[in-house]
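The next block holds one structure in the form of C-alpha cells; read it before the comments.
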Amino acid sequence: EDVGSAAARVGAVWLALVLALIVLPSALGVSLGISEAYMWVLVKTLEWATIRIEKGVKKPQPQMLKTPAANGIIERDETPMEKEIARLHRVDFEFSDIFYFCRKGFEAIVEDEVTQRFSSEELVSWNLLTRTNVNFHYISLRLTVVWVIGVIVRYCFLLPLRFTLAAIGITSMIVGTTVVGQLPNSSLKNYLSEVVHLTCSRILVRALSGTIHYHNKENKPQKGGICVANHTSPIDAIILTNDGCYAMVGQVHGGLMGVIQRATVKACPHVWFERSEIKDRHLVTRRLREHVADKSKLPILIFPEGTCINNTSVMMFKKGSFEIGGIIYPVAIKYDPQFGDAFWNSSKYNIVSYLLRIMTSWAIVCNVWYLPPMVRKEGEDAVQFANRVRSAIARQGGLTELPWDGGLKRAKVKDTFKEEQQKNYSKMLVRNGSIG
C-alpha cells in the first residue's frame, strides 16, 4: 500500500508539473522558454558530436564520413531519346539503338527516381539517435557516453512526457469537440470549435517537441478555399492546425482514429467518406464543391500526392483537388532531418511503430511557407493547374519536383508509360524513313 500511495503521489506531482509548465502555456499560446532552452542545448550537443565524429574519422578511416551526393550515385543525362539515338546514326534502325534502352534500364535498376523517395533521407552527420547511418561507427568513449545518456533521456524522460502530453491532447480533443458539438449551429459554436482545435493541436505539437517556423502568414488559407500541401508525415496536419483551423478530408477509420473523427465532425464540418464513397470521384467532388461554396466554412486541407514522400521531393499531384474550383492556397512543408526523421514509410512501419520512432527522436523541427493564393487560368486544365501549384511548392521548399505518381509506392508502373516510350521511338523511325 505504501508503494502504491507513493506511486500515486509521484504520478500526481508529474501530472501537475506537466499541466502547469507545458499544457497550460500551450493552451494560452505562450512559451516559458523551456523548449527554446532544450533546443539550444540540443543544437550545441549535435554540433559538438559532429566535430568529434569528423576528428575521429580523419585519423583511422578517412572513408567513413561520407557526404551523400546531391544528385544520387548516377550522373544522368537528360537528353531526349531522339537526340541521344541520333548521335549513333542518321536514318535507319540499327542494332546499336538498344544500348540507349539498356542504359536507361540499368540506371533505373541501380537507382530509380521513385523508390529512393520512399526511404529515409540520408544525413551528412550522425545525429546521436539509435537509428543511424551505417557509415558511422564507434568513434570515441566520450561520444559513446553522450549517446548512452541521450538514449536514457529520450526513452526514460522524453517518451513518458510526450506520451502524457499526447494522451492529454487527444482526450481534450475528444471531450472538447463532443461538448461543443452539442451546441446549436451559430457563430459561438464555430468560435469554440476553433479554440478547441487550436488548443489541442498546440498540446500535440508540444508532445512532439515541435519547433515550427511559419513564413509569409499574410498568405494563410482563408475560409471557402482549399489548402494543398506536400505530404511527408501524418503529423503534417497537426503542424498546420497548430497555426490555423482546417476542415479535414479523408476516409472514415475505426479504432481510436474513428472515435476522434466522430467527435470532431460534430463540432466542425470535416468531410469524412466511407470506404465505398471514396472510390466515387463524382460524389467526392460534389461534396467538396458544396463545402467550398459555403464561404463561412473552414478551408479544406488536402494532400494531393496521396501518400507520404521522404522530405526531399514533391511527386505528382492528383488532379481531383484542382477540379473543384475556388481559390487554392499552396503550402510548402520542409522538415529538418537533423533532429528527427518525420517521414512515414507506411509500407515498412505501422502507425504505432512510426509514432514510437517520432516520440523517441530529439525533436520535430520544420519550416512552413504560405504561398500566394492561386486560381485556375483560362484554358488551363486541372492537370496543368496541379503541376503549376506543385512547381511553386517545390521551388519554395527546396524540393525536387518529380512527375511520377506516388501510388507507385505500392503499385506497378502502368503499361501506358511503357507504351509512350515505344510510340516515341516508332514515330522517330517513321519520320526518318526507316519504316514506310
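To be explicit about the labels: the chains of the C-alpha cells are called A, B, and onward in the order shown, and within each one the residues are counted from 1, while ligands get numbers from 1 in the order they are shown.
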
>> Show me, as a list in words, the residues that have an atom within 8 Å of A:Asn367 when counting only C-alpha atoms, minus same-chain residues fewer than 5 positions from it.
In response: Ile212, His213, Tyr214, His215, Ile333, Lys334 and Tyr335 of chain A

> Neighbours of A:Gly150 within 8 Å (only C-alpha atoms; same-chain residues fewer than 3 positions away dropped), as a PyMOL selection string?
Replying inline: chain A and resi 128-129+146-147+153-154

Expected file: the selected residues, C-alpha atoms, as a PDB file, in the first residue's frame:
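This went into again_38.pdb:
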ATOM      1  CA  LEU A 128      23.132  10.644 -31.977  1.00  0.00           C
ATOM      2  CA  LEU A 129      19.877   8.760 -32.482  1.00  0.00           C
ATOM      3  CA  VAL A 146      26.929  11.063 -24.666  1.00  0.00           C
ATOM      4  CA  TRP A 147      24.967   8.686 -26.901  1.00  0.00           C
ATOM      5  CA  VAL A 153      16.936  10.905 -21.734  1.00  0.00           C
ATOM      6  CA  ARG A 154      14.862  10.042 -24.801  1.00  0.00           C
TER       7      ARG A 154
END

Give me the stretch 155-200 of chain A side of the contact with stretch 241-247 of chain A, cut-off 7 Å, one line per residue showing its nearest atom pair and distance in Å at one decimal, counting only C-alpha atoms, sorted by chain and residue number, as JSON lines.
{"residue": "A:Glu194", "atom": "CA", "partner": "A:Cys245", "partner_atom": "CA", "distance": 6.2}
{"residue": "A:His197", "atom": "CA", "partner": "A:Cys245", "partner_atom": "CA", "distance": 6.8}
{"residue": "A:Leu198", "atom": "CA", "partner": "A:Asn242", "partner_atom": "CA", "distance": 5.8}

> Of the candidates A:Ile302, A:Leu356, A:Leu204, A:Ile34, which one gets nearest to A:Ile235 if we count only C-alpha atoms?
Replying inline: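 Residue with the minimum atom-to-atom distance to A:Ile235: A:Leu204.
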
> Hey, which of A:Ala394, A:Leu165, A:Leu288, A:Ile98 ends up closest to A:Leu17? Count only C-alpha atoms.
Replying inline: A:Leu165
